[in-house]
2 protein chains.
Amino acid sequence: MAENDRSSLPIGVFDSGVGGFTVVRALRRKLPSEDIIYLGDTARVPYGTKSPETVIRYSLNNARFLHAAGIKVLVVACNTASAHSIKALRSALDIPVIGVIEPGARAACSATKNGLVGVIGTRGTVESRSYAHHISEISAGKVTTQGLACPLFVPLAEEGWLSGEVPRLTALHYMQALHAILPDMDTLVLGCTHYPLLSAVINEASSEIFGHSVSLIDSGVSSSYVIGEILKDRGLENPDSERKGVLKTCVTDTSHIETVGELFLGEPLGTVERVDV
Amino acid sequence: MAENDRSSLPIGVFDSGVGGFTVVRALRRKLPSEDIIYLGDTARVPYGTKSPETVIRYSLNNARFLHAAGIKVLVVACNTASAHSIKALRSALDIPVIGVIEPGARAACSATKNGLVGVIGTRGTVESRSYAHHISEISAGKVTTQGLACPLFVPLAEEGWLSGEVPRLTALHYMQALHAILPDMDTLVLGCTHYPLLSAVINEASSEIFGHSVSLIDSGVSSSYVIGEILKDRGLENPDSERKGVLKTCVTDTSHIETVGELFLGEPLGTVERVDV
């Protein structure tokens, strides 16, 4: 199929679970006429605690499922999968593959004024040093990063505990830990798709601890801009720019995605199909 | 092999991850001369958010691995796996299979004075109503239960945040929610293997909210007593009662079990082997 015949196909997005819906939310705002097929690998969630080899294997399963369904680009909405699997996915697929880390790293380099950037995420993402690597490359070594795993943020987001004392104190705890290793940080990458739900408490806690406002980078939003550019450059934009794109959601296990999905997506969820990958 | 030839074999224990080490800790105290082989299914952790069908499939994988390694009894240390898989495991195996739910339910029925028992655990365990079912059966309907999922407790335990404001306020939040549905509760089942690590804050919060002390039931400890009785009844106790039992740990994925395992186990971890099941 010639590349421009693919323009009516959906954008494929996968994540380990429900978190990738924050990326879908950003995509739906930026590219409202595009169809999206979303795969949440809820049977094997979370990826953040698994080894690189396992994450690559799961990512290839997910990508092959979406590719077989017919997509024009693949978005890896999961930070851990983006950290480990982008190279393997680009080798395996004949369509553009976009992760959330490169766009997030680029946005952080643009946002920082003093070259001191914090990165928070799952243990897997932080230990991969993937943001650090990209930020160093993009800035030619001019931007310094420090990473911190914040495992409490995922269940806080999934429970909908987005304000109040527990999220506030948890955010203060993590910001204090970041302050100890990077006291003048002016930019913070939310390197996990769950974290944008907690951006209000993270914003408040970072101002309190650092004594000045810190720019928060939502990698999902940054990615939606990059994806928009790729579709335009390659003539892959949906030809009918007036239409309202449809979102189709698939999961590998029935789960509480039906109950918490709307919180992450910011709109009603529609039907969810159970699939094997 | 005749059953009493099996007495020198280890006890097999599986869990979805590291939490089952609290059950191993109880077993090592109660039955110090027994060898134990532990399988943590860290590649597929957690089970608490997965469907019953998936949990049964994983449990059978784990059980077959341990059975093939040679064990005299199988302990299902994971509450979610105990809730869904005991029947399937007992059909599949020719050795005794002990879950944590029946012993925990029995202990709760013995401990309660007013017949009002709370059960906290993962969403999967609570939604299975497995403790409720066993408690109702054991007490011939005389004991009333209410369940509550407490998803923040698992990452708090794994992070080692066992005291301080965040665990205290989180425990108060959950106890308040239990108080709203079961105001005179006098007994609380810690229906997740991670929760015993937080028993101090749960104990304090429950006293504060309920206005009287609440008996906390650690299903792992209750199970170690039942396992001791089964070994004795069936002549399966290790013949050398003076020896010090050896613990062998296997995991399905390299993970942070090495760093947090000791916290759960209460003793140094030793070597950990990566296996496929």
# chains A, B, ... in the order shown; residues from 1 in each chain; ligands from 1

call {"tool": "select_by_dssp", "arguments": {"residues": "stretch 2-131 of chain B", "states": "strand (DSSP E)", "output": "list in words"}}
result
Ile11, Gly12, Val13, Phe14, Asp15, Ile36, Ile37, Tyr38, Leu39, Gly40, Val73, Leu74, Val75, Val76, Val97, Ile98, Gly99, Leu116, Val117, Gly118, Val119, Ile120 and Gly121 of chain B

call {"tool": "interface_residues", "arguments": {"of": "chain B", "to": "chain A", "cutoff": "10 Å", "atoms": "only C-alpha atoms", "output": "ChimeraX atom specification"}}
result
/B:42-47,49-55,123-124,150-156,158-159,165-170,173,252-257

call {"tool": "atom_distance", "arguments": {"atom1": "atom CA of A:Ile135", "atom2": "atom CA of A:Thr112"}}
result
11.0 Å

call {"tool": "residues_around", "arguments": {"residues": "stretch 65-77 of chain A", "least_positions_apart": "2", "cutoff": "7 Å", "atoms": "only C-alpha atoms", "output": "list in words"}}
result
Arg6, Ser7, Leu9, Pro10, Ile11, Gly12, Val13, Phe14, Asp15, Gly20, Val23, Asn61, Asn62, Ala63, Asn79, Ala81, Ser82, Ile95, Pro96, Val97, Ile98, Gly99, Val100 and Val277 of chain A

call {"tool": "write_last_selection", "arguments": {"atoms": "N, CA and C atoms", "output": "tab-separated table (two decimals), in the first residue's frame"}}
result
chain	number	residue	atom	x	y	z
A	6	ARG	N	-2.72	5.20	3.06
A	6	ARG	CA	-2.93	4.85	4.46
A	6	ARG	C	-3.56	5.98	5.27
A	7	SER	N	-3.78	7.13	4.64
A	7	SER	CA	-4.16	8.32	5.42
A	7	SER	C	-5.48	8.15	6.18
A	9	LEU	N	-6.43	5.43	7.65
A	9	LEU	CA	-6.29	4.45	8.73
A	9	LEU	C	-6.17	5.15	10.08
A	10	PRO	N	-6.49	4.42	11.16
A	10	PRO	CA	-6.33	5.02	12.48
A	10	PRO	C	-4.86	5.13	12.92
A	11	ILE	N	-4.64	5.95	13.94
A	11	ILE	CA	-3.37	5.99	14.66
A	11	ILE	C	-3.44	4.85	15.69
A	12	GLY	N	-2.41	4.02	15.75
A	12	GLY	CA	-2.37	2.96	16.76
A	12	GLY	C	-1.61	3.43	17.99
A	13	VAL	N	-2.17	3.18	19.15
A	13	VAL	CA	-1.54	3.59	20.41
A	13	VAL	C	-1.55	2.41	21.36
A	14	PHE	N	-0.39	2.07	21.94
A	14	PHE	CA	-0.46	1.07	23.01
A	14	PHE	C	0.20	1.56	24.28
A	15	ASP	N	-0.27	0.97	25.37
A	15	ASP	CA	0.26	1.27	26.70
A	15	ASP	C	0.11	0.00	27.51
A	20	GLY	N	-1.98	5.36	29.22
A	20	GLY	CA	-1.82	5.90	27.87
A	20	GLY	C	-3.00	6.74	27.41
A	23	VAL	N	-2.24	10.24	26.89
A	23	VAL	CA	-1.66	10.54	25.59
A	23	VAL	C	-2.76	10.63	24.54
A	61	ASN	N	4.60	-7.84	20.77
A	61	ASN	CA	3.25	-8.45	20.72
A	61	ASN	C	2.20	-7.38	20.43
A	62	ASN	N	2.25	-6.31	21.20
A	62	ASN	CA	1.23	-5.26	21.08
A	62	ASN	C	1.29	-4.59	19.71
A	63	ALA	N	2.52	-4.32	19.26
A	63	ALA	CA	2.70	-3.62	17.98
A	63	ALA	C	2.17	-4.49	16.84
A	79	ASN	N	5.83	5.05	28.87
A	79	ASN	CA	7.21	5.53	29.01
A	79	ASN	C	8.21	4.38	29.11
A	81	ALA	N	7.92	1.29	27.97
A	81	ALA	CA	8.04	0.65	26.66
A	81	ALA	C	8.81	1.55	25.70
A	82	SER	N	8.59	2.85	25.78
A	82	SER	CA	9.35	3.78	24.93
A	82	SER	C	10.84	3.71	25.27
A	95	ILE	N	6.10	1.24	9.43
A	95	ILE	CA	5.38	2.51	9.60
A	95	ILE	C	6.12	3.35	10.65
A	96	PRO	N	5.85	4.67	10.71
A	96	PRO	CA	6.52	5.48	11.73
A	96	PRO	C	6.15	5.02	13.15
A	97	VAL	N	7.16	4.98	14.01
A	97	VAL	CA	6.96	4.61	15.41
A	97	VAL	C	7.39	5.79	16.29
A	98	ILE	N	6.48	6.29	17.09
A	98	ILE	CA	6.76	7.46	17.94
A	98	ILE	C	6.58	7.08	19.40
A	99	GLY	N	7.62	7.27	20.20
A	99	GLY	CA	7.51	7.07	21.64
A	99	GLY	C	7.26	8.39	22.32
A	100	VAL	N	7.08	8.36	23.63
A	100	VAL	CA	6.82	9.61	24.35
A	100	VAL	C	8.10	10.25	24.90
A	277	VAL	N	-3.20	-10.85	22.38
A	277	VAL	CA	-2.14	-10.32	21.51
A	277	VAL	C	-1.01	-11.35	21.36

call {"tool": "atom_distance", "arguments": {"atom1": "atom CA of B:Asp184", "atom2": "atom CA of B:Ala111"}}
result
14.4 Å

call {"tool": "residues_around", "arguments": {"residues": "B:Ala180", "least_positions_apart": "5", "cutoff": "12 Å", "atoms": "only C-alpha atoms", "output": "list of chain:residue names"}}
result
B:Gly118, B:Gln146, B:Gly147, B:Leu148, B:His173, B:Tyr174, B:Met175, B:Met185, B:Ile209, B:Phe210

call {"tool": "closest_residue", "arguments": {"among": "A:Ile202, A:Val143, A:Leu60, A:Leu178", "to": "A:Ser163", "atoms": "only C-alpha atoms"}}
result
A:Ile202

call {"tool": "residues_around", "arguments": {"residues": "B:Ser110", "least_positions_apart": "5", "cutoff": "12 Å", "atoms": "only C-alpha atoms", "output": "VMD selection string"}}
result
chain B and resid 103 to 105 115 to 117 135 138 to 139 142 to 143 186 to 187 189 215 to 217 222

call {"tool": "write_last_selection", "arguments": {"atoms": "all heavy atoms", "output": "CSV table (one decimal), in the first residue's frame"}}
result
chain,number,residue,atom,x,y,z
B,103,PRO,N,-7.5,-20.3,56.1
B,103,PRO,CA,-6.9,-20.1,57.5
B,103,PRO,C,-7.2,-18.7,58.1
B,103,PRO,O,-7.5,-18.6,59.2
B,103,PRO,CB,-5.4,-20.3,57.3
B,103,PRO,CG,-5.3,-21.2,56.1
B,103,PRO,CD,-6.4,-20.8,55.2
B,104,GLY,N,-7.1,-17.7,57.2
B,104,GLY,CA,-7.4,-16.4,57.7
B,104,GLY,C,-8.9,-16.2,58.1
B,104,GLY,O,-9.2,-15.6,59.1
B,105,ALA,N,-9.8,-16.8,57.3
B,105,ALA,CA,-11.2,-16.7,57.6
B,105,ALA,C,-11.5,-17.4,58.9
B,105,ALA,O,-12.3,-16.9,59.8
B,105,ALA,CB,-12.0,-17.4,56.5
B,115,GLY,N,-19.0,-10.6,66.1
B,115,GLY,CA,-19.4,-11.1,64.8
B,115,GLY,C,-19.3,-10.0,63.6
B,115,GLY,O,-20.0,-10.2,62.6
B,116,LEU,N,-18.5,-9.0,63.8
B,116,LEU,CA,-18.4,-7.9,62.8
B,116,LEU,C,-17.0,-7.8,62.3
B,116,LEU,O,-16.1,-7.3,63.0
B,116,LEU,CB,-18.9,-6.6,63.3
B,116,LEU,CG,-20.4,-6.5,63.7
B,116,LEU,CD1,-20.7,-5.2,64.4
B,116,LEU,CD2,-21.3,-6.8,62.5
B,117,VAL,N,-16.7,-8.4,61.1
B,117,VAL,CA,-15.3,-8.5,60.6
B,117,VAL,C,-15.1,-7.7,59.3
B,117,VAL,O,-15.9,-7.9,58.4
B,117,VAL,CB,-15.0,-10.0,60.4
B,117,VAL,CG1,-13.7,-10.2,59.7
B,117,VAL,CG2,-15.1,-10.8,61.7
B,135,ILE,N,-16.0,-17.1,55.6
B,135,ILE,CA,-16.4,-16.7,57.0
B,135,ILE,C,-17.8,-17.0,57.2
B,135,ILE,O,-18.2,-17.5,58.3
B,135,ILE,CB,-16.1,-15.1,57.2
B,135,ILE,CG1,-14.5,-15.0,57.3
B,135,ILE,CG2,-16.8,-14.6,58.4
B,135,ILE,CD1,-14.1,-13.5,57.3
B,138,ILE,N,-18.0,-20.8,57.7
B,138,ILE,CA,-17.4,-21.3,58.9
B,138,ILE,C,-18.3,-20.9,60.1
B,138,ILE,O,-18.5,-21.7,61.1
B,138,ILE,CB,-16.0,-20.7,59.1
B,138,ILE,CG1,-15.0,-21.3,58.0
B,138,ILE,CG2,-15.4,-21.0,60.5
B,138,ILE,CD1,-13.8,-20.4,57.8
B,139,SER,N,-18.9,-19.7,60.1
B,139,SER,CA,-19.6,-19.2,61.2
B,139,SER,C,-21.1,-19.6,61.1
B,139,SER,O,-21.9,-19.1,61.9
B,139,SER,CB,-19.5,-17.7,61.3
B,139,SER,OG,-20.2,-17.1,60.3
B,142,LYS,N,-23.2,-16.5,61.1
B,142,LYS,CA,-23.3,-15.7,62.3
B,142,LYS,C,-22.4,-14.5,62.3
B,142,LYS,O,-22.6,-13.5,63.0
B,142,LYS,CB,-23.0,-16.5,63.6
B,142,LYS,CG,-24.1,-17.5,63.9
B,142,LYS,CD,-24.0,-17.9,65.4
B,142,LYS,CE,-25.1,-19.0,65.7
B,142,LYS,NZ,-24.7,-20.4,65.1
B,143,VAL,N,-21.3,-14.5,61.4
B,143,VAL,CA,-20.4,-13.4,61.3
B,143,VAL,C,-20.7,-12.6,60.1
B,143,VAL,O,-20.8,-13.2,59.0
B,143,VAL,CB,-18.9,-13.9,61.4
B,143,VAL,CG1,-17.9,-12.8,61.1
B,143,VAL,CG2,-18.6,-14.6,62.7
B,186,ASP,N,-14.9,-5.3,65.1
B,186,ASP,CA,-13.9,-5.6,66.1
B,186,ASP,C,-12.7,-6.4,65.6
B,186,ASP,O,-11.7,-6.6,66.4
B,186,ASP,CB,-14.6,-6.2,67.4
B,186,ASP,CG,-14.9,-7.7,67.2
B,186,ASP,OD1,-14.8,-8.2,66.0
B,186,ASP,OD2,-15.2,-8.4,68.2
B,187,THR,N,-12.8,-6.9,64.3
B,187,THR,CA,-11.7,-7.7,63.8
B,187,THR,C,-11.5,-7.3,62.3
B,187,THR,O,-12.5,-7.1,61.6
B,187,THR,CB,-12.2,-9.2,63.9
B,187,THR,OG1,-12.4,-9.5,65.3
B,187,THR,CG2,-11.1,-10.2,63.3
B,189,VAL,N,-9.3,-8.5,58.8
B,189,VAL,CA,-8.4,-9.4,58.1
B,189,VAL,C,-7.5,-8.6,57.2
B,189,VAL,O,-8.0,-7.8,56.4
B,189,VAL,CB,-9.2,-10.4,57.3
B,189,VAL,CG1,-8.3,-11.3,56.5
B,189,VAL,CG2,-10.2,-11.2,58.2
B,215,SER,N,-8.9,-6.4,66.4
B,215,SER,CA,-7.9,-7.5,66.3
B,215,SER,C,-7.5,-7.6,64.8
B,215,SER,O,-8.4,-7.7,63.9
B,215,SER,CB,-8.6,-8.8,66.6
B,215,SER,OG,-9.0,-8.8,68.0
B,216,LEU,N,-6.2,-7.5,64.5
B,216,LEU,CA,-5.8,-7.7,63.1
B,216,LEU,C,-5.4,-9.1,62.9
B,216,LEU,O,-4.7,-9.7,63.7
B,216,LEU,CB,-4.6,-6.8,62.9
B,216,LEU,CG,-4.7,-5.3,63.1
B,216,LEU,CD1,-3.5,-4.5,62.6
B,216,LEU,CD2,-6.0,-4.7,62.4
B,217,ILE,N,-5.9,-9.7,61.8
B,217,ILE,CA,-5.6,-11.1,61.4
B,217,ILE,C,-4.6,-11.1,60.3
B,217,ILE,O,-4.9,-10.6,59.2
B,217,ILE,CB,-6.9,-11.8,61.0
B,217,ILE,CG1,-8.0,-11.7,62.1
B,217,ILE,CG2,-6.6,-13.2,60.6
B,217,ILE,CD1,-7.7,-12.4,63.4
B,222,SER,N,-1.8,-17.3,60.3
B,222,SER,CA,-2.8,-18.3,60.4
B,222,SER,C,-2.5,-19.5,59.5
B,222,SER,O,-2.7,-20.7,59.9
B,222,SER,CB,-4.2,-17.7,60.0
B,222,SER,OG,-4.4,-16.5,60.6

call {"tool": "atom_distance", "arguments": {"atom1": "atom CA of B:Gly266", "atom2": "atom CA of B:Tyr38"}}
result
14.9 Å

call {"tool": "residues_around", "arguments": {"residues": "A:Glu34", "least_positions_apart": "3", "cutoff": "12 Å", "atoms": "only C-alpha atoms", "output": "VMD selection string"}}
result
chain A and resid 7 to 12 24 27 to 31 37 71 to 73 224 227 to 228 231 236 to 248

call {"tool": "write_last_selection", "arguments": {"atoms": "C-alpha atoms", "output": "tab-separated table (two decimals), in the first residue's frame"}}
result
chain	number	residue	atom	x	y	z
A	7	SER	CA	-4.16	8.32	5.42
A	8	SER	CA	-7.66	7.12	6.41
A	9	LEU	CA	-6.29	4.45	8.73
A	10	PRO	CA	-6.33	5.02	12.48
A	11	ILE	CA	-3.37	5.99	14.66
A	12	GLY	CA	-2.37	2.96	16.76
A	24	VAL	CA	-4.88	9.73	23.70
A	27	LEU	CA	-3.99	13.39	20.58
A	28	ARG	CA	-7.78	13.85	20.48
A	29	ARG	CA	-7.33	17.56	21.26
A	30	LYS	CA	-4.52	18.14	18.78
A	31	LEU	CA	-5.82	15.86	15.98
A	37	ILE	CA	-7.16	2.36	18.08
A	71	ILE	CA	-2.72	1.58	11.41
A	72	LYS	CA	-0.75	4.40	9.78
A	73	VAL	CA	1.57	5.24	12.68
A	224	SER	CA	0.87	14.83	20.15
A	227	ILE	CA	2.73	13.07	15.74
A	228	GLY	CA	0.82	15.94	14.11
A	231	LEU	CA	1.26	13.00	9.71
A	236	LEU	CA	-0.87	10.88	6.31
A	237	GLU	CA	-3.45	13.32	7.74
A	238	ASN	CA	-7.01	12.08	7.47
A	239	PRO	CA	-8.32	13.57	4.20
A	240	ASP	CA	-11.61	14.68	5.81
A	241	SER	CA	-10.51	17.34	8.29
A	242	GLU	CA	-14.11	18.10	9.31
A	243	ARG	CA	-14.92	14.62	10.63
A	244	LYS	CA	-14.88	13.63	14.30
A	245	GLY	CA	-12.36	10.82	14.84
A	246	VAL	CA	-13.47	7.59	16.49
A	247	LEU	CA	-11.66	5.98	19.42
A	248	LYS	CA	-11.66	2.19	19.65

call {"tool": "closest_residue", "arguments": {"among": "A:Ile181, A:Val201, A:Ala88, A:Val119", "to": "A:Asp218", "atoms": "only C-alpha atoms"}}
result
A:Val119
